[in-house]
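Student: Pasting entry-v5.cif here (mmCIF, C-alpha atoms):
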```
data_upload
loop_
_atom_site.label_atom_id
_atom_site.label_comp_id
_atom_site.auth_asym_id
_atom_site.auth_seq_id
_atom_site.Cartn_x
_atom_site.Cartn_y
_atom_site.Cartn_z
CA MET A 1 0.00 0.00 0.00
CA GLU A 2 2.79 2.41 0.94
CA ASN A 3 4.63 1.70 -2.32
CA LYS A 4 1.46 2.65 -4.22
CA LEU A 5 1.33 5.97 -2.40
CA TYR A 6 4.99 6.68 -3.13
CA THR A 7 4.27 5.94 -6.80
CA LYS A 8 1.53 8.59 -6.73
CA VAL A 9 3.92 11.12 -5.22
CA PHE A 10 6.60 10.53 -7.85
CA THR A 11 4.03 10.58 -10.65
CA TRP A 12 2.92 14.04 -9.56
CA LEU A 13 6.55 15.09 -9.10
CA PHE A 14 7.38 13.99 -12.65
CA ALA A 15 4.32 15.83 -14.00
CA GLY A 16 5.36 19.06 -12.28
CA LEU A 17 8.95 18.86 -13.50
CA LEU A 18 7.78 18.02 -17.03
CA ILE A 19 5.52 21.10 -17.09
CA THR A 20 8.27 23.35 -15.74
CA PHE A 21 11.12 22.25 -17.97
CA GLY A 22 8.88 21.63 -20.98
CA SER A 23 7.21 25.05 -20.86
CA GLY A 24 10.54 26.73 -20.14
CA TYR A 25 12.14 25.13 -23.18
CA VAL A 26 9.21 25.85 -25.51
CA LEU A 27 9.12 29.51 -24.47
CA SER A 28 12.88 29.80 -24.98
CA LEU A 29 12.33 29.00 -28.66
CA TYR A 30 10.82 32.49 -28.88
CA PRO A 31 13.55 34.64 -27.27
CA ASP A 32 11.96 37.96 -28.20
CA ALA A 33 8.73 36.93 -26.48
CA VAL A 34 10.65 35.81 -23.38
CA ILE A 35 12.49 39.13 -23.21
CA ASN A 36 9.20 41.02 -23.54
CA ILE A 37 7.42 38.86 -20.94
CA MET A 38 10.21 38.62 -18.40
CA GLY A 39 11.72 42.05 -18.95
CA GLY A 40 10.95 44.86 -16.56
CA SER A 41 8.25 43.94 -14.05
CA GLY A 42 7.31 40.61 -15.70
CA TYR A 43 9.86 38.58 -13.75
CA ILE A 44 8.86 40.21 -10.47
CA ILE A 45 5.18 39.46 -11.15
CA ALA A 46 6.01 35.81 -11.84
CA ILE A 47 7.96 35.54 -8.57
CA VAL A 48 5.10 37.17 -6.62
CA VAL A 49 2.61 34.73 -8.17
CA GLU A 50 4.87 31.79 -7.23
CA LEU A 51 5.15 33.03 -3.65
CA ALA A 52 1.39 33.67 -3.37
CA VAL A 53 0.50 30.21 -4.71
CA ALA A 54 3.06 28.49 -2.45
CA LEU A 55 1.77 30.30 0.66
CA PHE A 56 -1.88 29.67 -0.23
CA PHE A 57 -1.08 26.02 -0.92
CA GLY A 58 0.75 25.59 2.38
CA PHE A 59 -1.76 27.37 4.60
CA ARG A 60 -4.94 26.02 2.97
CA ILE A 61 -3.96 22.45 2.03
CA ARG A 62 -5.90 20.94 4.93
CA LYS A 63 -9.15 22.65 3.91
CA MET A 64 -8.90 22.75 0.11
CA SER A 65 -10.32 20.11 -2.18
CA LYS A 66 -8.18 17.71 -4.19
CA ASN A 67 -8.98 19.62 -7.40
CA THR A 68 -7.84 22.91 -5.86
CA ALA A 69 -4.64 21.23 -4.71
CA VAL A 70 -4.02 19.93 -8.23
CA PHE A 71 -4.68 23.40 -9.67
CA CYS A 72 -2.24 25.06 -7.24
CA TYR A 73 0.49 22.54 -7.97
CA LEU A 74 0.14 22.70 -11.75
CA LEU A 75 -0.14 26.50 -11.73
CA TYR A 76 3.04 26.79 -9.67
CA SER A 77 4.84 24.40 -12.02
CA LEU A 78 3.73 26.40 -15.07
CA VAL A 79 4.68 29.81 -13.65
CA THR A 80 8.07 28.39 -12.67
CA GLY A 81 8.41 27.18 -16.24
CA VAL A 82 7.86 30.74 -17.46
CA THR A 83 10.71 31.98 -15.27
CA PHE A 84 12.86 29.03 -16.37
CA SER A 85 12.62 30.19 -19.98
CA THR A 86 15.34 32.72 -19.12
CA ILE A 87 17.56 29.88 -17.90
CA PHE A 88 17.21 28.12 -21.25
CA LEU A 89 18.32 31.32 -22.95
CA THR A 90 21.22 31.91 -20.56
CA PHE A 91 22.79 28.43 -20.37
CA GLU A 92 23.78 25.86 -22.97
CA LEU A 93 21.17 23.14 -23.45
CA THR A 94 23.76 20.37 -23.03
CA SER A 95 24.84 21.94 -19.74
CA LEU A 96 21.24 22.11 -18.53
CA MET A 97 20.68 18.47 -19.44
CA MET A 98 23.84 17.39 -17.65
CA ILE A 99 22.95 19.31 -14.49
CA PHE A 100 19.39 18.01 -14.60
CA GLY A 101 20.85 14.50 -14.66
CA ILE A 102 23.17 15.26 -11.74
CA THR A 103 20.27 16.76 -9.79
CA ALA A 104 18.09 13.72 -10.51
CA ALA A 105 20.86 11.37 -9.34
CA VAL A 106 21.50 13.28 -6.10
CA PHE A 107 17.76 13.60 -5.53
CA GLY A 108 17.26 9.87 -6.06
CA VAL A 109 19.99 8.89 -3.62
CA PHE A 110 18.78 11.09 -0.78
CA ALA A 111 15.09 10.44 -1.44
CA PHE A 112 15.80 6.73 -1.10
CA PHE A 113 17.82 7.40 2.04
CA GLY A 114 14.96 9.41 3.53
CA MET A 115 12.49 6.65 2.69
CA ILE A 116 14.43 3.79 4.31
CA THR A 117 16.38 5.41 7.14
CA LYS A 118 15.38 4.84 10.74
CA LEU A 119 17.03 8.09 11.81
CA PRO A 120 14.64 10.66 13.37
CA LEU A 121 14.96 13.16 10.52
CA HIS A 122 11.94 15.09 11.80
CA LYS A 123 14.31 16.60 14.36
CA LEU A 124 16.09 18.38 11.50
CA SER A 125 13.04 20.54 10.75
CA SER A 126 14.11 23.59 12.79
CA PHE A 127 17.73 23.37 11.64
CA LEU A 128 16.75 23.15 7.97
CA PHE A 129 14.30 26.04 8.25
CA MET A 130 16.87 28.24 9.98
CA GLY A 131 19.41 27.32 7.30
CA LEU A 132 16.90 28.21 4.58
CA LEU A 133 16.25 31.61 6.15
CA ALA A 134 20.00 32.15 6.47
CA ILE A 135 20.72 31.57 2.78
CA ILE A 136 17.78 33.78 1.77
CA LEU A 137 19.06 36.63 3.93
CA ALA A 138 22.64 36.06 2.79
CA GLY A 139 21.47 36.18 -0.82
CA ILE A 140 19.75 39.52 -0.20
CA VAL A 141 22.90 40.91 1.44
CA ASN A 142 25.00 39.73 -1.47
CA LEU A 143 22.80 41.67 -3.89
CA PHE A 144 24.51 44.74 -2.43
CA LEU A 145 27.96 43.21 -1.93
CA GLY A 146 28.20 41.50 -5.31
CA SER A 147 30.81 39.05 -4.03
CA ALA A 148 31.39 36.00 -6.25
CA GLY A 149 33.06 34.14 -3.40
CA PHE A 150 30.17 34.83 -1.04
CA ASP A 151 27.70 33.73 -3.73
CA PHE A 152 29.62 30.47 -4.20
CA ALA A 153 29.50 29.84 -0.43
CA ILE A 154 25.74 30.49 -0.39
CA CYS A 155 25.28 27.97 -3.21
CA ILE A 156 27.26 25.29 -1.34
CA VAL A 157 25.27 25.82 1.85
CA GLY A 158 22.06 25.83 -0.21
CA ILE A 159 22.95 22.48 -1.77
CA ILE A 160 23.48 21.00 1.69
CA ILE A 161 20.20 22.47 2.98
CA PHE A 162 18.11 21.15 0.10
CA ILE A 163 19.74 17.73 0.18
CA GLY A 164 18.65 17.65 3.81
CA TYR A 165 15.15 18.72 2.83
CA ILE A 166 14.91 15.91 0.24
CA ALA A 167 15.58 13.26 2.88
CA TYR A 168 13.37 15.04 5.44
CA ASP A 169 10.40 15.47 3.10
CA MET A 170 10.60 11.82 2.06
CA LYS A 171 10.70 10.76 5.70
CA ILE A 172 7.52 12.67 6.61
CA LEU A 173 5.45 11.46 3.64
CA PRO A 174 3.65 8.77 5.69
CA ALA A 175 2.60 11.46 8.17
CA LEU A 176 1.28 13.59 5.29
CA PHE A 177 -0.77 10.66 4.01
CA ASP A 178 -2.25 10.15 7.47
CA GLU A 179 -3.03 13.87 7.92
CA LEU A 180 -4.27 14.83 4.44
CA GLY A 181 -5.41 11.53 2.99
CA GLU A 182 -3.88 9.63 0.10
CA GLU A 183 -4.77 12.00 -2.75
CA LYS A 184 -3.97 15.36 -1.19
CA GLY A 185 -1.03 13.87 0.69
CA ALA A 186 0.48 12.65 -2.58
CA ILE A 187 -0.01 16.02 -4.30
CA TYR A 188 1.34 18.12 -1.44
CA GLY A 189 4.19 15.69 -0.85
CA ALA A 190 5.09 15.97 -4.53
CA PHE A 191 4.99 19.77 -4.24
CA GLN A 192 7.47 19.73 -1.35
CA LEU A 193 9.82 17.40 -3.24
CA TYR A 194 9.38 19.50 -6.39
CA LEU A 195 10.60 22.57 -4.50
CA ASP A 196 13.59 20.59 -3.21
CA PHE A 197 14.47 19.41 -6.73
CA ILE A 198 14.12 22.85 -8.34
CA ASN A 199 16.16 24.60 -5.66
CA LEU A 200 18.89 21.97 -5.80
CA PHE A 201 18.95 22.23 -9.60
CA ILE A 202 19.28 26.03 -9.52
CA ARG A 203 22.20 25.95 -7.09
CA LEU A 204 24.03 23.25 -9.01
CA LEU A 205 23.43 25.27 -12.17
CA GLN A 206 24.96 28.36 -10.58
CA ILE A 207 28.12 26.40 -9.82
CA LEU A 208 28.43 24.03 -12.78
CA GLY A 209 26.42 25.66 -15.58
CA ASN A 210 28.03 26.76 -18.83
CA SER A 211 26.71 30.07 -20.13
CA SER A 212 25.55 30.15 -23.75
CA ASN A 213 27.54 33.36 -24.12
CA ASP A 214 30.88 31.77 -23.19
#
```
Using the file provided, produce a representation of the structure as structure tokens.
Tutor:
Amino acid sequence: MENKLYTKVFTWLFAGLLITFGSGYVLSLYPDAVINIMGGSGYIIAIVVELAVALFFGFRIRKMSKNTAVFCYLLYSLVTGVTFSTIFLTFELTSLMMIFGITAAVFGVFAFFGMITKLPLHKLSSFLFMGLLAIILAGIVNLFLGSAGFDFAICIVGIIIFIGYIAYDMKILPALFDELGEEKGAIYGAFQLYLDFINLFIRLLQILGNSSND
């Protein structure tokens, strides 16, 4: 029974990633449109929509219907795909594919670890959240400092934090199923793992990615 539930989670995870990377790639085929959409306030609007959907999803998941949960997840994946169109224009496609593969491999290893480990990973919740806040604040500070070394350090710490989140979010999936039910638990669990994957991918891309302008 539990394996069936995990299959549902990973099916939703795959669907979200497919929408994000697929829509990002398709939009990148029209660079002028991407520049017009994402130029100026367009990128900020997309980020605000992402944040609003994520907060609504998190705070209302216990009361919303399954269909609303599906809508929130797919909308978030699509809006992220719109922002990812700029990544497809900035980095070489072969580099993106390589880093996607690396991300998938790292994700798979630590997701499996989180699923089978007997360690009480739930105790990491506060540490991971504090680490997440720290890298967000450090990133804001570095907007003013513009230090490449500091940015590299933030990326390394971010990779560690999101690897921890992958294992943690896998570990708490059974609790999500119990609290939200099978359907909503699978969708929201996939959303949490989707965020882990995307954030890990972005930080690996910052370190290993080859710019298309190089």
Student: Can you list, as a PDB file with C-alpha atoms, keeping the file's coordinate frame, the residues that the PyMOL selection byres ((chain A and resi 170-174) around 7) selects here?
Tutor:
```
ATOM      1  CA  ALA A 111      15.090  10.440  -1.440  1.00  0.00           C
ATOM      2  CA  GLY A 114      14.960   9.410   3.530  1.00  0.00           C
ATOM      3  CA  MET A 115      12.490   6.650   2.690  1.00  0.00           C
ATOM      4  CA  LEU A 121      14.960  13.160  10.520  1.00  0.00           C
ATOM      5  CA  ILE A 166      14.910  15.910   0.240  1.00  0.00           C
ATOM      6  CA  ALA A 167      15.580  13.260   2.880  1.00  0.00           C
ATOM      7  CA  TYR A 168      13.370  15.040   5.440  1.00  0.00           C
ATOM      8  CA  ASP A 169      10.400  15.470   3.100  1.00  0.00           C
ATOM      9  CA  ALA A 175       2.600  11.460   8.170  1.00  0.00           C
ATOM     10  CA  LEU A 176       1.280  13.590   5.290  1.00  0.00           C
ATOM     11  CA  PHE A 177      -0.770  10.660   4.010  1.00  0.00           C
ATOM     12  CA  ASP A 178      -2.250  10.150   7.470  1.00  0.00           C
ATOM     13  CA  GLY A 189       4.190  15.690  -0.850  1.00  0.00           C
TER      14      GLY A 189
END
```
Student: If you measure from atom CA of Lys8 of chain A to atom CA of Phe110 of chain A, what distance in Å do you get, rounded to one decimal?
Tutor: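 Answer for the atom CA of Lys8 of chain A to atom CA of Phe110 of chain A separation: 18.4 Å.
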Student: Determine the residue set returned by the PyMOL selection byres ((chain A and resi 73-76) around 12) for the present structure, and present it as number ranges by chain.
Tutor: A: 12-20, 23, 46-58, 61, 66-72, 77-83, 184, 186-195, 198
Student: Once you have the residues from the selection above, write them out as a PDB file, in the frame of the given file, restricted to C-alpha atoms.
Tutor:
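Output contents, as saved in out_0.pdb:
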```pdb
ATOM      1  CA  TRP A  12       2.920  14.040  -9.560  1.00  0.00           C
ATOM      2  CA  LEU A  13       6.550  15.090  -9.100  1.00  0.00           C
ATOM      3  CA  PHE A  14       7.380  13.990 -12.650  1.00  0.00           C
ATOM      4  CA  ALA A  15       4.320  15.830 -14.000  1.00  0.00           C
ATOM      5  CA  GLY A  16       5.360  19.060 -12.280  1.00  0.00           C
ATOM      6  CA  LEU A  17       8.950  18.860 -13.500  1.00  0.00           C
ATOM      7  CA  LEU A  18       7.780  18.020 -17.030  1.00  0.00           C
ATOM      8  CA  ILE A  19       5.520  21.100 -17.090  1.00  0.00           C
ATOM      9  CA  THR A  20       8.270  23.350 -15.740  1.00  0.00           C
ATOM     10  CA  SER A  23       7.210  25.050 -20.860  1.00  0.00           C
ATOM     11  CA  ALA A  46       6.010  35.810 -11.840  1.00  0.00           C
ATOM     12  CA  ILE A  47       7.960  35.540  -8.570  1.00  0.00           C
ATOM     13  CA  VAL A  48       5.100  37.170  -6.620  1.00  0.00           C
ATOM     14  CA  VAL A  49       2.610  34.730  -8.170  1.00  0.00           C
ATOM     15  CA  GLU A  50       4.870  31.790  -7.230  1.00  0.00           C
ATOM     16  CA  LEU A  51       5.150  33.030  -3.650  1.00  0.00           C
ATOM     17  CA  ALA A  52       1.390  33.670  -3.370  1.00  0.00           C
ATOM     18  CA  VAL A  53       0.500  30.210  -4.710  1.00  0.00           C
ATOM     19  CA  ALA A  54       3.060  28.490  -2.450  1.00  0.00           C
ATOM     20  CA  LEU A  55       1.770  30.300   0.660  1.00  0.00           C
ATOM     21  CA  PHE A  56      -1.880  29.670  -0.230  1.00  0.00           C
ATOM     22  CA  PHE A  57      -1.080  26.020  -0.920  1.00  0.00           C
ATOM     23  CA  GLY A  58       0.750  25.590   2.380  1.00  0.00           C
ATOM     24  CA  ILE A  61      -3.960  22.450   2.030  1.00  0.00           C
ATOM     25  CA  LYS A  66      -8.180  17.710  -4.190  1.00  0.00           C
ATOM     26  CA  ASN A  67      -8.980  19.620  -7.400  1.00  0.00           C
ATOM     27  CA  THR A  68      -7.840  22.910  -5.860  1.00  0.00           C
ATOM     28  CA  ALA A  69      -4.640  21.230  -4.710  1.00  0.00           C
ATOM     29  CA  VAL A  70      -4.020  19.930  -8.230  1.00  0.00           C
ATOM     30  CA  PHE A  71      -4.680  23.400  -9.670  1.00  0.00           C
ATOM     31  CA  CYS A  72      -2.240  25.060  -7.240  1.00  0.00           C
ATOM     32  CA  SER A  77       4.840  24.400 -12.020  1.00  0.00           C
ATOM     33  CA  LEU A  78       3.730  26.400 -15.070  1.00  0.00           C
ATOM     34  CA  VAL A  79       4.680  29.810 -13.650  1.00  0.00           C
ATOM     35  CA  THR A  80       8.070  28.390 -12.670  1.00  0.00           C
ATOM     36  CA  GLY A  81       8.410  27.180 -16.240  1.00  0.00           C
ATOM     37  CA  VAL A  82       7.860  30.740 -17.460  1.00  0.00           C
ATOM     38  CA  THR A  83      10.710  31.980 -15.270  1.00  0.00           C
ATOM     39  CA  LYS A 184      -3.970  15.360  -1.190  1.00  0.00           C
ATOM     40  CA  ALA A 186       0.480  12.650  -2.580  1.00  0.00           C
ATOM     41  CA  ILE A 187      -0.010  16.020  -4.300  1.00  0.00           C
ATOM     42  CA  TYR A 188       1.340  18.120  -1.440  1.00  0.00           C
ATOM     43  CA  GLY A 189       4.190  15.690  -0.850  1.00  0.00           C
ATOM     44  CA  ALA A 190       5.090  15.970  -4.530  1.00  0.00           C
ATOM     45  CA  PHE A 191       4.990  19.770  -4.240  1.00  0.00           C
ATOM     46  CA  GLN A 192       7.470  19.730  -1.350  1.00  0.00           C
ATOM     47  CA  LEU A 193       9.820  17.400  -3.240  1.00  0.00           C
ATOM     48  CA  TYR A 194       9.380  19.500  -6.390  1.00  0.00           C
ATOM     49  CA  LEU A 195      10.600  22.570  -4.500  1.00  0.00           C
ATOM     50  CA  ILE A 198      14.120  22.850  -8.340  1.00  0.00           C
TER      51      ILE A 198
END
```
Student: From the options A:Leu5, A:Ile202, A:Ile87, A:Ile140, which residue's atoms come nearest to Tyr25 of chain A, counting all atoms listed in the file?
Tutor: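 Closest candidate: A:Ile87.
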Student: List every protein, DNA or RNA residue that has at least one atom no more than 12 Å from (21.2, 34.0, -17.9) in the file's coordinates, counting only C-alpha atoms, and write the result as a list in words.
Tutor: Ser28, Ile35, Met38, Thr83, Phe84, Ser85, Thr86, Ile87, Phe88, Leu89, Thr90, Phe91, Glu92, Leu96, Ile202, Leu205, Gln206, Gly209, Asn210, Ser211, Ser212, Asn213 and Asp214 of chain A
Student: From the set A:Gly39, A:Gly158, A:Gly101, A:Gly181, which residue has the shortest atom-to-atom contact distance to Leu132 of chain A, counting all atoms listed in the file?
Tutor: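 Distance minimum relative to Leu132 of chain A lands on A:Gly158.
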Student: Can you tell me which residues surround Gly139 of chain A at a distance of at most 12 Å, considering all atoms listed in the file, apart from same-chain residues fewer than 2 positions away, and format the answer as a ChimeraX atom specification?
Tutor: /A:132-137,141-148,150-155,157-158
Student: Quick check, in Å to one decimal: how far apart do atom CA of Phe107 of chain A and atom CA of Ile160 of chain A lie?
Tutor: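 So the two atoms, atom CA of Phe107 of chain A and atom CA of Ile160 of chain A, lie 11.8 Å apart.
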Student: Apply the PyMOL selection byres ((chain A and resi 99) around 9) to the file shown and report the selected residues as a short mmCIF file (atom, residue, chain, number, x, y, z; two decimals) with C-alpha atoms, in the frame of the given file.
Tutor:
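expr-v1.cif written:
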```cif
data_model
loop_
_atom_site.label_atom_id
_atom_site.label_comp_id
_atom_site.auth_asym_id
_atom_site.auth_seq_id
_atom_site.Cartn_x
_atom_site.Cartn_y
_atom_site.Cartn_z
CA THR A 94 23.76 20.37 -23.03
CA SER A 95 24.84 21.94 -19.74
CA LEU A 96 21.24 22.11 -18.53
CA MET A 97 20.68 18.47 -19.44
CA MET A 98 23.84 17.39 -17.65
CA PHE A 100 19.39 18.01 -14.60
CA GLY A 101 20.85 14.50 -14.66
CA ILE A 102 23.17 15.26 -11.74
CA THR A 103 20.27 16.76 -9.79
CA ALA A 104 18.09 13.72 -10.51
CA PHE A 201 18.95 22.23 -9.60
CA LEU A 204 24.03 23.25 -9.01
CA LEU A 205 23.43 25.27 -12.17
CA LEU A 208 28.43 24.03 -12.78
CA GLY A 209 26.42 25.66 -15.58
#
```
Student: In Å, rounded to a single decimal, give me how far atom CA of Val106 of chain A is from atom CA of Phe162 of chain A.
Tutor: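 According to the coordinates, atom CA of Phe162 of chain A and atom CA of Val106 of chain A are separated by 10.6 Å.
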Student: My list of candidates is A:Gly164, A:Leu128, A:Arg62, A:His122. Which is closest to Gly185 of chain A when distances are computed with all atoms listed in the file?
Tutor: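 Checking each candidate against Gly185 of chain A, we get A:Arg62 as the closest.
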